$ cat structure-v3.cif   # mmCIF, C-alpha atoms and all ligand atoms
data_model
#
loop_
_atom_site.group_PDB
_atom_site.id
_atom_site.type_symbol
_atom_site.label_atom_id
_atom_site.label_comp_id
_atom_site.auth_asym_id
_atom_site.auth_seq_id
_atom_site.Cartn_x
_atom_site.Cartn_y
_atom_site.Cartn_z
ATOM 1 C CA MET A 54 0.000 0.000 0.000
ATOM 2 C CA ASP A 55 1.179 3.483 -0.750
ATOM 3 C CA ASP A 56 1.676 5.843 2.099
ATOM 4 C CA GLU A 57 -0.613 8.799 2.030
ATOM 5 C CA ALA A 58 1.155 11.663 0.337
ATOM 6 C CA ASP A 59 1.448 14.609 2.669
ATOM 7 C CA ASP A 60 1.832 17.001 -0.229
ATOM 8 C CA LEU A 61 -1.650 17.618 -1.616
ATOM 9 C CA ALA A 62 -0.189 18.732 -4.925
ATOM 10 C CA ASP A 63 0.811 15.111 -5.440
ATOM 11 C CA SER A 64 -2.437 13.619 -4.243
ATOM 12 C CA PRO A 65 -4.225 11.188 -6.532
ATOM 13 C CA VAL A 66 -6.585 12.563 -9.109
ATOM 14 C CA GLU A 67 -9.665 11.730 -7.084
ATOM 15 C CA GLY A 68 -8.173 13.271 -3.935
ATOM 16 C CA PRO A 69 -9.899 15.657 -1.591
ATOM 17 C CA ARG A 70 -10.759 19.167 -2.562
ATOM 18 C CA THR A 71 -10.106 21.818 -0.018
ATOM 19 C CA GLY A 72 -12.380 24.566 -1.279
ATOM 20 C CA ALA A 73 -11.604 28.136 -2.166
ATOM 21 C CA GLU A 74 -9.163 29.047 0.569
ATOM 22 C CA ALA A 75 -7.111 32.114 -0.138
ATOM 23 C CA ALA A 76 -3.722 31.424 -1.666
ATOM 24 C CA PRO A 77 -0.747 33.241 -0.169
ATOM 25 C CA ALA A 78 -0.128 36.735 -1.439
ATOM 26 C CA ASN A 79 2.842 35.754 -3.577
ATOM 27 C CA ASP A 80 2.813 33.386 -6.513
ATOM 28 C CA PRO A 81 2.967 30.537 -7.060
ATOM 29 C CA PRO A 82 0.154 28.995 -5.029
ATOM 30 C CA ALA A 83 1.132 26.154 -2.721
ATOM 31 C CA GLN A 84 -1.322 23.613 -4.075
ATOM 32 C CA ALA A 85 -1.219 23.886 -7.826
ATOM 33 C CA VAL A 86 -3.836 21.823 -9.608
ATOM 34 C CA LEU A 87 -2.534 23.085 -12.975
ATOM 35 C CA ARG A 88 1.083 23.912 -13.720
ATOM 36 C CA ALA A 89 2.416 25.223 -17.006
ATOM 37 C CA ARG A 90 6.073 25.795 -17.739
ATOM 38 C CA ARG A 91 7.254 27.668 -20.841
ATOM 39 C CA LEU A 92 4.045 26.651 -22.534
ATOM 40 C CA CYS A 93 3.945 27.514 -26.237
ATOM 41 C CA ARG A 94 1.354 27.067 -28.946
ATOM 42 C CA VAL A 95 2.456 28.041 -32.398
ATOM 43 C CA TYR A 96 0.120 27.813 -35.393
ATOM 44 C CA ARG A 97 1.659 27.356 -38.800
ATOM 45 C CA THR A 98 -0.376 28.187 -41.881
ATOM 46 C CA GLY A 99 1.707 28.015 -45.038
ATOM 47 C CA ASP A 100 4.682 30.303 -44.457
ATOM 48 C CA THR A 101 3.023 32.158 -41.626
ATOM 49 C CA GLU A 102 3.759 31.320 -38.018
ATOM 50 C CA VAL A 103 1.547 32.661 -35.255
ATOM 51 C CA ARG A 104 2.883 32.481 -31.714
ATOM 52 C CA ALA A 105 -0.555 32.263 -30.108
ATOM 53 C CA LEU A 106 1.003 31.423 -26.742
ATOM 54 C CA TRP A 107 4.634 31.960 -25.913
ATOM 55 C CA GLU A 108 6.570 30.630 -22.915
ATOM 56 C CA VAL A 109 3.771 30.928 -20.397
ATOM 57 C CA ASP A 110 4.440 29.892 -16.802
ATOM 58 C CA LEU A 111 1.314 29.408 -14.752
ATOM 59 C CA ASP A 112 0.201 27.788 -11.497
ATOM 60 C CA VAL A 113 -3.467 27.516 -10.663
ATOM 61 C CA ALA A 114 -4.341 26.637 -7.076
ATOM 62 C CA ARG A 115 -7.027 24.165 -6.148
ATOM 63 C CA GLY A 116 -10.344 25.972 -5.800
ATOM 64 C CA GLU A 117 -8.993 29.170 -7.270
ATOM 65 C CA PHE A 118 -11.126 31.534 -9.387
ATOM 66 C CA ILE A 119 -9.086 33.026 -12.209
ATOM 67 C CA VAL A 120 -10.219 35.658 -14.666
ATOM 68 C CA LEU A 121 -8.322 35.812 -17.939
ATOM 69 C CA LEU A 122 -8.355 39.158 -19.745
ATOM 70 C CA GLY A 123 -6.720 40.319 -22.955
ATOM 71 C CA ALA A 124 -7.357 41.838 -26.346
ATOM 72 C CA SER A 125 -8.828 39.767 -29.143
ATOM 73 C CA GLY A 126 -6.129 37.463 -30.484
ATOM 74 C CA SER A 127 -3.989 37.661 -27.327
ATOM 75 C CA GLY A 128 -4.175 33.886 -26.786
ATOM 76 C CA LYS A 129 -6.891 33.470 -24.144
ATOM 77 C CA SER A 130 -8.835 30.693 -25.867
ATOM 78 C CA THR A 131 -5.605 29.023 -26.920
ATOM 79 C CA LEU A 132 -4.520 28.852 -23.276
ATOM 80 C CA LEU A 133 -7.924 27.661 -22.054
ATOM 81 C CA ASN A 134 -8.029 24.937 -24.706
ATOM 82 C CA LEU A 135 -4.616 23.692 -23.625
ATOM 83 C CA LEU A 136 -5.619 23.687 -19.939
ATOM 84 C CA GLY A 137 -8.738 21.719 -20.828
ATOM 85 C CA GLY A 138 -6.951 19.149 -22.985
ATOM 86 C CA LEU A 139 -8.755 20.236 -26.164
ATOM 87 C CA ASP A 140 -5.428 21.005 -27.789
ATOM 88 C CA ARG A 141 -1.768 20.188 -27.258
ATOM 89 C CA PRO A 142 1.116 22.604 -26.795
ATOM 90 C CA SER A 143 3.819 22.987 -29.425
ATOM 91 C CA ARG A 144 6.406 23.101 -26.689
ATOM 92 C CA GLY A 145 6.653 23.360 -22.899
ATOM 93 C CA GLU A 146 5.122 21.424 -20.054
ATOM 94 C CA LEU A 147 1.597 21.263 -18.754
ATOM 95 C CA TRP A 148 0.555 19.294 -15.689
ATOM 96 C CA PHE A 149 -2.803 18.549 -14.136
ATOM 97 C CA GLU A 150 -1.958 17.368 -10.622
ATOM 98 C CA ASP A 151 0.578 14.612 -11.292
ATOM 99 C CA HIS A 152 -0.547 13.942 -14.866
ATOM 100 C CA CYS A 153 1.546 15.356 -17.669
ATOM 101 C CA LEU A 154 -0.842 16.674 -20.325
ATOM 102 C CA SER A 155 1.838 17.974 -22.660
ATOM 103 C CA ASN A 156 2.968 14.421 -23.470
ATOM 104 C CA ALA A 157 -0.469 12.836 -23.393
ATOM 105 C CA ASP A 158 -1.915 11.057 -26.413
ATOM 106 C CA GLU A 159 -5.387 11.736 -27.759
ATOM 107 C CA ASP A 160 -7.069 8.982 -25.715
ATOM 108 C CA THR A 161 -5.492 10.188 -22.488
ATOM 109 C CA LEU A 162 -6.618 13.744 -23.185
ATOM 110 C CA THR A 163 -10.123 12.522 -23.902
ATOM 111 C CA ARG A 164 -10.196 10.685 -20.575
ATOM 112 C CA TYR A 165 -8.807 13.758 -18.817
ATOM 113 C CA ARG A 166 -11.511 15.980 -20.276
ATOM 114 C CA ARG A 167 -14.256 13.491 -19.544
ATOM 115 C CA ALA A 168 -13.224 12.917 -15.934
ATOM 116 C CA HIS A 169 -12.027 16.317 -14.813
ATOM 117 C CA VAL A 170 -13.059 19.221 -17.028
ATOM 118 C CA GLY A 171 -16.320 21.076 -17.549
ATOM 119 C CA PHE A 172 -16.451 23.572 -20.413
ATOM 120 C CA VAL A 173 -18.791 26.502 -20.889
ATOM 121 C CA PHE A 174 -18.607 28.461 -24.135
ATOM 122 C CA GLN A 175 -20.135 31.710 -25.335
ATOM 123 C CA PHE A 176 -22.676 29.858 -27.455
ATOM 124 C CA TYR A 177 -24.295 27.228 -25.390
ATOM 125 C CA ASN A 178 -23.985 24.195 -27.683
ATOM 126 C CA LEU A 179 -27.132 22.550 -26.377
ATOM 127 C CA ILE A 180 -28.761 19.841 -28.464
ATOM 128 C CA PRO A 181 -32.009 21.404 -29.717
ATOM 129 C CA SER A 182 -33.966 18.164 -30.038
ATOM 130 C CA LEU A 183 -33.339 17.194 -26.390
ATOM 131 C CA THR A 184 -35.002 18.676 -23.332
ATOM 132 C CA VAL A 185 -33.088 20.501 -20.638
ATOM 133 C CA ALA A 186 -32.958 17.363 -18.483
ATOM 134 C CA GLU A 187 -31.905 15.206 -21.440
ATOM 135 C CA ASN A 188 -29.105 17.606 -22.352
ATOM 136 C CA VAL A 189 -27.697 17.299 -18.840
ATOM 137 C CA ALA A 190 -28.253 13.530 -18.797
ATOM 138 C CA LEU A 191 -25.896 13.197 -21.768
ATOM 139 C CA VAL A 192 -23.125 13.934 -19.285
ATOM 140 C CA THR A 193 -24.445 12.232 -16.162
ATOM 141 C CA ASP A 194 -24.952 9.002 -18.138
ATOM 142 C CA ILE A 195 -21.239 8.652 -18.877
ATOM 143 C CA ALA A 196 -19.601 10.198 -15.793
ATOM 144 C CA ASP A 197 -18.155 8.202 -12.888
ATOM 145 C CA GLN A 198 -19.715 9.908 -9.891
ATOM 146 C CA PRO A 199 -22.118 12.450 -11.315
ATOM 147 C CA MET A 200 -24.785 14.446 -9.575
ATOM 148 C CA THR A 201 -28.304 13.562 -10.522
ATOM 149 C CA VAL A 202 -29.725 15.633 -13.351
ATOM 150 C CA ASP A 203 -32.073 17.316 -10.886
ATOM 151 C CA GLU A 204 -29.253 18.204 -8.477
ATOM 152 C CA ALA A 205 -27.366 19.879 -11.321
ATOM 153 C CA LEU A 206 -30.476 21.730 -12.466
ATOM 154 C CA ALA A 207 -31.245 22.858 -8.926
ATOM 155 C CA LEU A 208 -27.749 24.388 -8.675
ATOM 156 C CA VAL A 209 -28.531 26.629 -11.631
ATOM 157 C CA ALA A 210 -32.153 27.204 -10.474
ATOM 158 C CA LEU A 211 -33.693 25.569 -13.526
ATOM 159 C CA MET A 212 -35.754 22.722 -12.118
ATOM 160 C CA PRO A 213 -38.993 24.361 -13.310
ATOM 161 C CA ARG A 214 -37.648 24.192 -16.886
ATOM 162 C CA ARG A 215 -36.362 20.629 -16.863
ATOM 163 C CA ASP A 216 -38.759 19.383 -19.551
ATOM 164 C CA HIS A 217 -38.466 22.381 -21.846
ATOM 165 C CA PHE A 218 -36.503 22.417 -25.080
ATOM 166 C CA PRO A 219 -33.618 24.870 -25.564
ATOM 167 C CA SER A 220 -35.631 26.929 -28.068
ATOM 168 C CA GLN A 221 -38.167 27.572 -25.291
ATOM 169 C CA LEU A 222 -35.546 29.153 -23.025
ATOM 170 C CA SER A 223 -33.953 32.591 -22.819
ATOM 171 C CA GLY A 224 -30.261 32.972 -23.585
ATOM 172 C CA GLY A 225 -29.363 33.143 -19.911
ATOM 173 C CA GLU A 226 -31.403 30.048 -19.155
ATOM 174 C CA GLN A 227 -29.699 28.193 -21.988
ATOM 175 C CA GLN A 228 -26.320 29.202 -20.609
ATOM 176 C CA ARG A 229 -27.356 27.957 -17.164
ATOM 177 C CA VAL A 230 -28.267 24.594 -18.723
ATOM 178 C CA ALA A 231 -24.823 24.563 -20.318
ATOM 179 C CA ILE A 232 -23.329 25.213 -16.877
ATOM 180 C CA ALA A 233 -25.431 22.451 -15.310
ATOM 181 C CA ARG A 234 -24.193 20.121 -18.032
ATOM 182 C CA ALA A 235 -20.590 21.186 -17.411
ATOM 183 C CA ILE A 236 -20.700 20.682 -13.650
ATOM 184 C CA ALA A 237 -22.979 17.640 -13.385
ATOM 185 C CA LYS A 238 -19.999 15.292 -13.493
ATOM 186 C CA ARG A 239 -18.399 17.211 -10.576
ATOM 187 C CA PRO A 240 -15.381 18.288 -12.592
ATOM 188 C CA GLN A 241 -12.302 19.543 -10.802
ATOM 189 C CA LEU A 242 -11.932 22.262 -13.422
ATOM 190 C CA LEU A 243 -14.568 24.565 -14.838
ATOM 191 C CA LEU A 244 -13.284 26.413 -17.908
ATOM 192 C CA CYS A 245 -15.468 29.185 -19.301
ATOM 193 C CA ASP A 246 -14.751 31.021 -22.558
ATOM 194 C CA GLU A 247 -16.742 34.262 -22.560
ATOM 195 C CA PRO A 248 -19.710 32.728 -20.752
ATOM 196 C CA THR A 249 -21.571 36.034 -20.654
ATOM 197 C CA GLY A 250 -20.478 37.251 -24.084
ATOM 198 C CA ALA A 251 -23.896 36.763 -25.634
ATOM 199 C CA LEU A 252 -25.962 37.901 -22.648
ATOM 200 C CA ASP A 253 -27.455 41.179 -21.478
ATOM 201 C CA TYR A 254 -26.374 42.829 -18.239
ATOM 202 C CA ALA A 255 -28.863 41.286 -15.805
ATOM 203 C CA THR A 256 -28.713 37.841 -17.378
ATOM 204 C CA GLY A 257 -24.924 37.949 -17.467
ATOM 205 C CA LYS A 258 -24.875 38.677 -13.757
ATOM 206 C CA ARG A 259 -27.169 35.774 -13.018
ATOM 207 C CA VAL A 260 -24.893 33.440 -14.951
ATOM 208 C CA LEU A 261 -21.844 34.787 -13.100
ATOM 209 C CA GLU A 262 -23.623 34.187 -9.810
ATOM 210 C CA VAL A 263 -24.071 30.545 -10.770
ATOM 211 C CA ILE A 264 -20.398 30.205 -11.701
ATOM 212 C CA ALA A 265 -19.261 31.886 -8.459
ATOM 213 C CA ARG A 266 -21.532 29.648 -6.438
ATOM 214 C CA ILE A 267 -20.194 26.479 -8.023
ATOM 215 C CA ASN A 268 -16.646 27.656 -7.396
ATOM 216 C CA GLN A 269 -17.379 28.334 -3.749
ATOM 217 C CA GLU A 270 -19.777 25.554 -2.839
ATOM 218 C CA LEU A 271 -18.142 22.739 -4.781
ATOM 219 C CA GLY A 272 -14.579 24.063 -4.613
ATOM 220 C CA THR A 273 -14.307 23.769 -8.397
ATOM 221 C CA THR A 274 -11.182 25.414 -9.752
ATOM 222 C CA THR A 275 -12.518 27.941 -12.237
ATOM 223 C CA VAL A 276 -11.019 29.908 -15.126
ATOM 224 C CA VAL A 277 -13.197 32.481 -16.873
ATOM 225 C CA ILE A 278 -12.230 34.326 -20.056
ATOM 226 C CA THR A 279 -13.944 37.646 -20.518
ATOM 227 C CA HIS A 280 -13.643 40.950 -22.342
ATOM 228 C CA ASN A 281 -15.447 42.597 -19.462
ATOM 229 C CA ALA A 282 -12.832 43.923 -17.034
ATOM 230 C CA ALA A 283 -15.494 44.469 -14.354
ATOM 231 C CA ILE A 284 -15.756 40.704 -13.934
ATOM 232 C CA SER A 285 -12.185 40.736 -12.593
ATOM 233 C CA GLY A 286 -13.639 41.809 -9.264
ATOM 234 C CA MET A 287 -14.923 38.260 -8.735
ATOM 235 C CA ALA A 288 -11.515 36.670 -9.107
ATOM 236 C CA ASP A 289 -8.861 35.464 -6.713
ATOM 237 C CA ARG A 290 -6.370 36.386 -9.416
ATOM 238 C CA VAL A 291 -6.647 38.273 -12.681
ATOM 239 C CA MET A 292 -4.288 37.430 -15.529
ATOM 240 C CA ARG A 293 -3.817 39.677 -18.523
ATOM 241 C CA LEU A 294 -2.528 38.205 -21.747
ATOM 242 C CA VAL A 295 -0.720 40.338 -24.291
ATOM 243 C CA ASP A 296 0.515 38.768 -27.526
ATOM 244 C CA GLY A 297 0.526 35.244 -26.128
ATOM 245 C CA ARG A 298 2.269 36.073 -22.871
ATOM 246 C CA ILE A 299 1.017 36.744 -19.384
ATOM 247 C CA ASP A 300 1.672 40.445 -19.081
ATOM 248 C CA ARG A 301 0.565 40.846 -15.480
ATOM 249 C CA ILE A 302 -1.201 39.059 -12.649
ATOM 250 C CA ASP A 303 -3.223 40.963 -10.073
ATOM 251 C CA ARG A 304 -4.772 39.755 -6.868
ATOM 252 C CA PRO A 305 -7.792 41.909 -5.999
ATOM 253 C CA PRO A 306 -7.873 42.818 -2.292
ATOM 254 C CA ARG A 307 -11.278 41.220 -1.846
ATOM 255 C CA ARG A 308 -13.428 38.938 -3.946
ATOM 256 C CA LEU A 309 -16.651 40.654 -4.901
ATOM 257 C CA SER A 310 -19.935 38.916 -5.500
ATOM 258 C CA PRO A 311 -21.461 39.394 -8.960
ATOM 259 C CA ALA A 312 -24.126 41.591 -7.332
ATOM 260 C CA GLU A 313 -21.378 44.027 -6.312
ATOM 261 C CA LEU A 314 -20.055 44.353 -9.854
ATOM 262 C CA SER A 315 -21.246 46.990 -12.257
ATOM 263 C CA TRP A 316 -20.353 47.818 -15.822
HETATM 264 N N1 LIG A 401 -6.425 27.261 -35.619
HETATM 265 C C1 LIG A 401 -5.674 28.352 -35.755
HETATM 266 N N2 LIG A 401 -4.843 28.493 -36.804
HETATM 267 C C2 LIG A 401 -4.064 29.582 -36.957
HETATM 268 N N3 LIG A 401 -4.046 30.615 -36.082
HETATM 269 C C3 LIG A 401 -4.849 30.529 -35.002
HETATM 270 C C4 LIG A 401 -5.718 29.414 -34.781
HETATM 271 N N4 LIG A 401 -6.402 29.606 -33.637
HETATM 272 C C5 LIG A 401 -5.996 30.798 -33.159
HETATM 273 N N5 LIG A 401 -5.067 31.355 -33.971
HETATM 274 C C6 LIG A 401 -4.367 32.629 -33.768
HETATM 275 O O1 LIG A 401 -3.787 32.593 -32.488
HETATM 276 C C7 LIG A 401 -3.918 33.856 -31.848
HETATM 277 C C8 LIG A 401 -4.618 33.671 -30.501
HETATM 278 O O2 LIG A 401 -5.953 33.261 -30.744
HETATM 279 P P1 LIG A 401 -6.996 33.033 -29.568
HETATM 280 O O3 LIG A 401 -8.204 32.438 -30.182
HETATM 281 O O4 LIG A 401 -6.337 32.306 -28.480
HETATM 282 O O5 LIG A 401 -7.272 34.543 -29.113
HETATM 283 P P2 LIG A 401 -8.281 35.097 -28.005
HETATM 284 O O6 LIG A 401 -7.473 35.885 -27.027
HETATM 285 O O7 LIG A 401 -9.137 34.010 -27.492
HETATM 286 O O8 LIG A 401 -9.139 36.125 -28.875
HETATM 287 P P3 LIG A 401 -10.725 36.504 -28.794
HETATM 288 O O9 LIG A 401 -10.847 37.448 -27.652
HETATM 289 O O10 LIG A 401 -10.956 37.176 -30.117
HETATM 290 O O11 LIG A 401 -11.493 35.237 -28.653
HETATM 291 C C9 LIG A 401 -4.653 34.753 -32.826
HETATM 292 O O12 LIG A 401 -3.701 35.524 -33.526
HETATM 293 C C10 LIG A 401 -5.335 33.789 -33.758
HETATM 294 O O13 LIG A 401 -5.497 34.337 -35.028
HETATM 295 MG MG MG A 402 -11.168 33.548 -27.653
#

$ encode --input "structure-v3.cif" --output "structure tokens" --more "lines below"
Ligand SMILES: Nc1ncnc2c1ncn2[C@@H]1O[C@H](COP(=O)(O)OP(=O)(O)OP(=O)(O)O)[C@@H](O)[C@H]1O
Ligand SMILES: [Mg+2]
Amino acid sequence: MDDEADDLADSPVEGPRTGAEAAPANDPPAQAVLRARRLCRVYRTGDTEVRALWEVDLDVARGEFIVLLGASGSGKSTLLNLLGGLDRPSRGELWFEDHCLSNADEDTLTRYRRAHVGFVFQFYNLIPSLTVAENVALVTDIADQPMTVDEALALVALMPRRDHFPSQLSGGEQQRVAIARAIAKRPQLLLCDEPTGALDYATGKRVLEVIARINQELGTTTVVITHNAAISGMADRVMRLVDGRIDRIDRPPRRLSPAELSW
């Protein structure tokens, strides 16, 4: 039998989650769930080479809430896709706990995504011919230790809509279904690419409230890409990308609730 590791960073993949405790003031966080070292993603199209991500070092603590800001084309989605195992780096190292993602083959990345990552995108990607409950069940049917569909829908306050079809829902409701689908498998990582990009002010706030609640109540490590700098107020740390590099990292003095944000 293995001894229990006393360093949580090396704990097994299914190990305990410790919630959203504050990381120390200086980087890097003690318990990194994600670690990138000199991470690069270069796209080659004909003779053109685009350094979408260039030598990024990054540690994300367990339970942390990170907001990723940056101009269009600065590499935000590229970074998120690498963290979520949707893409592989051209160079550099990427670790999820003690699993090396940068060397992983396609099957390993698929298993990583299925077991550990929930994605939320700007456009909700719901299946129009399935009801709300059926859309969420697509995930709970194949996950190891999922919530029930109704638990996931209750977390996003959509139980009354469980038998509706996506076309019968507002944009914000559809995004909340997408969030329920992303978190129903109890992922360790929730990765959101402009989750409020298509939503109006009030609806966007409601969706952010759901994301903040999942981060805090389930301890889900969360990364949110946004063009809306006001959302930074919700974060433990705010990272700004410029031309494929992390230009600066800020730690707001206090995490605000979405209700306290205005833009
Ligand atoms: N498949 C691809 N092939 C070639 N270049 C790509 C590809 N995907 C992204 N890029 C380039 O990589 C750079 C970073 O793109 P990325 O999508 O990460 O930006 P972003 O910060 O998410 O931008 P936005 O805010 O517009 O979504 C851009 O210059 C983009 O044109
Ligand atoms: Mg993008």

$ residues_near_ligand --input "structure-v3.cif" --ligand "ligand MG 402 (chain A)" --cutoff "8 Å" --atoms "all atoms listed in the file" --output "list of chain:residue names"
A:Ser125, A:Gly126, A:Gly128, A:Lys129, A:Ser130, A:Thr131, A:Asp246, A:Glu247, A:Ile278

$ axis_aligned_box --input "structure-v3.cif" --around "ligand LIG 401 (chain A)" --padding-each-side "5 Å" --output "lines of an AutoDock Vina configuration file"
center_x = -7.6
center_y = 32.4
center_z = -32.0
size_x = 17.8
size_y = 20.2
size_z = 19.9

$ resolve_selection --input "structure-v3.cif" --expression "the PyMOL selection byres (((not hetatm)) within 8 of (chain A and resi 401))" --output "list of chain:residue names"
A:Val95, A:Tyr96, A:Arg97, A:Thr98, A:Val103, A:Arg104, A:Ala105, A:Leu106, A:Gly123, A:Ala124, A:Ser125, A:Gly126, A:Ser127, A:Gly128, A:Lys129, A:Ser130, A:Thr131, A:Leu132, A:Thr279, A:His280, A:Leu294, A:Asp296, A:Gly297

$ write_last_selection --input "structure-v3.cif" --atoms "C-alpha atoms" --output "compact mmCIF listing (two decimals), in the frame of the given file"
# COMPACT_ATOMS: atom_id res chain seq x y z
CA VAL A 95 2.46 28.04 -32.40
CA TYR A 96 0.12 27.81 -35.39
CA ARG A 97 1.66 27.36 -38.80
CA THR A 98 -0.38 28.19 -41.88
CA VAL A 103 1.55 32.66 -35.26
CA ARG A 104 2.88 32.48 -31.71
CA ALA A 105 -0.56 32.26 -30.11
CA LEU A 106 1.00 31.42 -26.74
CA GLY A 123 -6.72 40.32 -22.96
CA ALA A 124 -7.36 41.84 -26.35
CA SER A 125 -8.83 39.77 -29.14
CA GLY A 126 -6.13 37.46 -30.48
CA SER A 127 -3.99 37.66 -27.33
CA GLY A 128 -4.18 33.89 -26.79
CA LYS A 129 -6.89 33.47 -24.14
CA SER A 130 -8.84 30.69 -25.87
CA THR A 131 -5.60 29.02 -26.92
CA LEU A 132 -4.52 28.85 -23.28
CA THR A 279 -13.94 37.65 -20.52
CA HIS A 280 -13.64 40.95 -22.34
CA LEU A 294 -2.53 38.20 -21.75
CA ASP A 296 0.52 38.77 -27.53
CA GLY A 297 0.53 35.24 -26.13

$ residues_around --input "structure-v3.cif" --residues "Val189 (chain A)" --least-positions-apart "5" --cutoff "8 Å" --atoms "only C-alpha atoms" --output "ChimeraX atom specification"
/A:202,205,230-231,233-234,237

$ resolve_selection --input "structure-v3.cif" --expression "the PyMOL selection byres (((chain A and resi 249-257) around 8) and not hetatm)" --output "list in words"
Gln175, Phe176, Gly224, Gly225, Glu247, Pro248, Lys258, Arg259, Val260, Leu261, Thr279 and His280 of chain A

$ write_last_selection --input "structure-v3.cif" --atoms "C-alpha atoms" --output "compact mmCIF listing (two decimals), in the coordinates of the input"
# COMPACT_ATOMS: atom_id res chain seq x y z
CA GLN A 175 -20.14 31.71 -25.34
CA PHE A 176 -22.68 29.86 -27.46
CA GLY A 224 -30.26 32.97 -23.58
CA GLY A 225 -29.36 33.14 -19.91
CA GLU A 247 -16.74 34.26 -22.56
CA PRO A 248 -19.71 32.73 -20.75
CA LYS A 258 -24.88 38.68 -13.76
CA ARG A 259 -27.17 35.77 -13.02
CA VAL A 260 -24.89 33.44 -14.95
CA LEU A 261 -21.84 34.79 -13.10
CA THR A 279 -13.94 37.65 -20.52
CA HIS A 280 -13.64 40.95 -22.34

$ resolve_selection --input "structure-v3.cif" --expression "the PyMOL selection byres (((chain A and resi 152-166) around 10) and not hetatm)" --output "PyMOL selection string"
chain A and resi 63+65-66+87-89+92+135-151+167-172+240+242

$ atom_distance --input "structure-v3.cif" --atom1 "CA of Ala283 (chain A)" --atom2 "CA of Asn268 (chain A)"
18.2 Å

$ closest_residue --input "structure-v3.cif" --among "A:Ala186, A:Gln241, A:Val295, A:Ala265" --to "Arg115 (chain A)" --atoms "only C-alpha atoms"
A:Gln241

$ residues_around --input "structure-v3.cif" --residues "Met287 (chain A)" --least-positions-apart "4" --cutoff "7 Å" --atoms "only C-alpha atoms" --output "number ranges by chain"
A: 308-311

$ closest_residue --input "structure-v3.cif" --among "A:Arg239, A:Glu226, A:Ser220, A:Ser182" --to "Pro199 (chain A)" --atoms "only C-alpha atoms"
A:Arg239

$ closest_residue --input "structure-v3.cif" --among "A:Leu179, A:Val276, A:Val185, A:Leu208" --to "Leu133 (chain A)" --atoms "all atoms listed in the file"
A:Val276

$ build_atoms --input "structure-v3.cif" --residues "region 284-296 of chain A" --atoms "N, CA and C atoms" --output "PDB file, keeping the file's coordinate frame"
ATOM      1  N   ILE A 284     -15.620  42.059 -14.487  1.00  0.00           N
ATOM      2  CA  ILE A 284     -15.756  40.704 -13.934  1.00  0.00           C
ATOM      3  C   ILE A 284     -14.523  40.314 -13.123  1.00  0.00           C
ATOM      4  N   SER A 285     -13.410  41.006 -13.361  1.00  0.00           N
ATOM      5  CA  SER A 285     -12.185  40.736 -12.593  1.00  0.00           C
ATOM      6  C   SER A 285     -12.415  40.816 -11.099  1.00  0.00           C
ATOM      7  N   GLY A 286     -13.372  41.643 -10.689  1.00  0.00           N
ATOM      8  CA  GLY A 286     -13.639  41.809  -9.264  1.00  0.00           C
ATOM      9  C   GLY A 286     -14.033  40.517  -8.562  1.00  0.00           C
ATOM     10  N   MET A 287     -14.504  39.536  -9.331  1.00  0.00           N
ATOM     11  CA  MET A 287     -14.923  38.260  -8.735  1.00  0.00           C
ATOM     12  C   MET A 287     -13.750  37.322  -8.474  1.00  0.00           C
ATOM     13  N   ALA A 288     -12.593  37.659  -9.030  1.00  0.00           N
ATOM     14  CA  ALA A 288     -11.515  36.670  -9.107  1.00  0.00           C
ATOM     15  C   ALA A 288     -10.628  36.658  -7.872  1.00  0.00           C
ATOM     16  N   ASP A 289      -9.989  35.503  -7.636  1.00  0.00           N
ATOM     17  CA  ASP A 289      -8.861  35.464  -6.713  1.00  0.00           C
ATOM     18  C   ASP A 289      -7.647  36.110  -7.380  1.00  0.00           C
ATOM     19  N   ARG A 290      -7.462  35.778  -8.659  1.00  0.00           N
ATOM     20  CA  ARG A 290      -6.370  36.386  -9.416  1.00  0.00           C
ATOM     21  C   ARG A 290      -6.841  36.719 -10.824  1.00  0.00           C
ATOM     22  N   VAL A 291      -6.299  37.808 -11.345  1.00  0.00           N
ATOM     23  CA  VAL A 291      -6.647  38.273 -12.681  1.00  0.00           C
ATOM     24  C   VAL A 291      -5.387  38.233 -13.534  1.00  0.00           C
ATOM     25  N   MET A 292      -5.452  37.521 -14.649  1.00  0.00           N
ATOM     26  CA  MET A 292      -4.288  37.430 -15.529  1.00  0.00           C
ATOM     27  C   MET A 292      -4.596  38.141 -16.831  1.00  0.00           C
ATOM     28  N   ARG A 293      -3.658  38.966 -17.253  1.00  0.00           N
ATOM     29  CA  ARG A 293      -3.817  39.677 -18.523  1.00  0.00           C
ATOM     30  C   ARG A 293      -2.839  39.149 -19.540  1.00  0.00           C
ATOM     31  N   LEU A 294      -3.377  38.704 -20.663  1.00  0.00           N
ATOM     32  CA  LEU A 294      -2.528  38.205 -21.747  1.00  0.00           C
ATOM     33  C   LEU A 294      -2.304  39.316 -22.761  1.00  0.00           C
ATOM     34  N   VAL A 295      -1.068  39.432 -23.193  1.00  0.00           N
ATOM     35  CA  VAL A 295      -0.720  40.338 -24.291  1.00  0.00           C
ATOM     36  C   VAL A 295       0.157  39.559 -25.253  1.00  0.00           C
ATOM     37  N   ASP A 296      -0.276  39.457 -26.492  1.00  0.00           N
ATOM     38  CA  ASP A 296       0.515  38.768 -27.526  1.00  0.00           C
ATOM     39  C   ASP A 296       1.032  37.408 -27.077  1.00  0.00           C
TER      40      ASP A 296
END
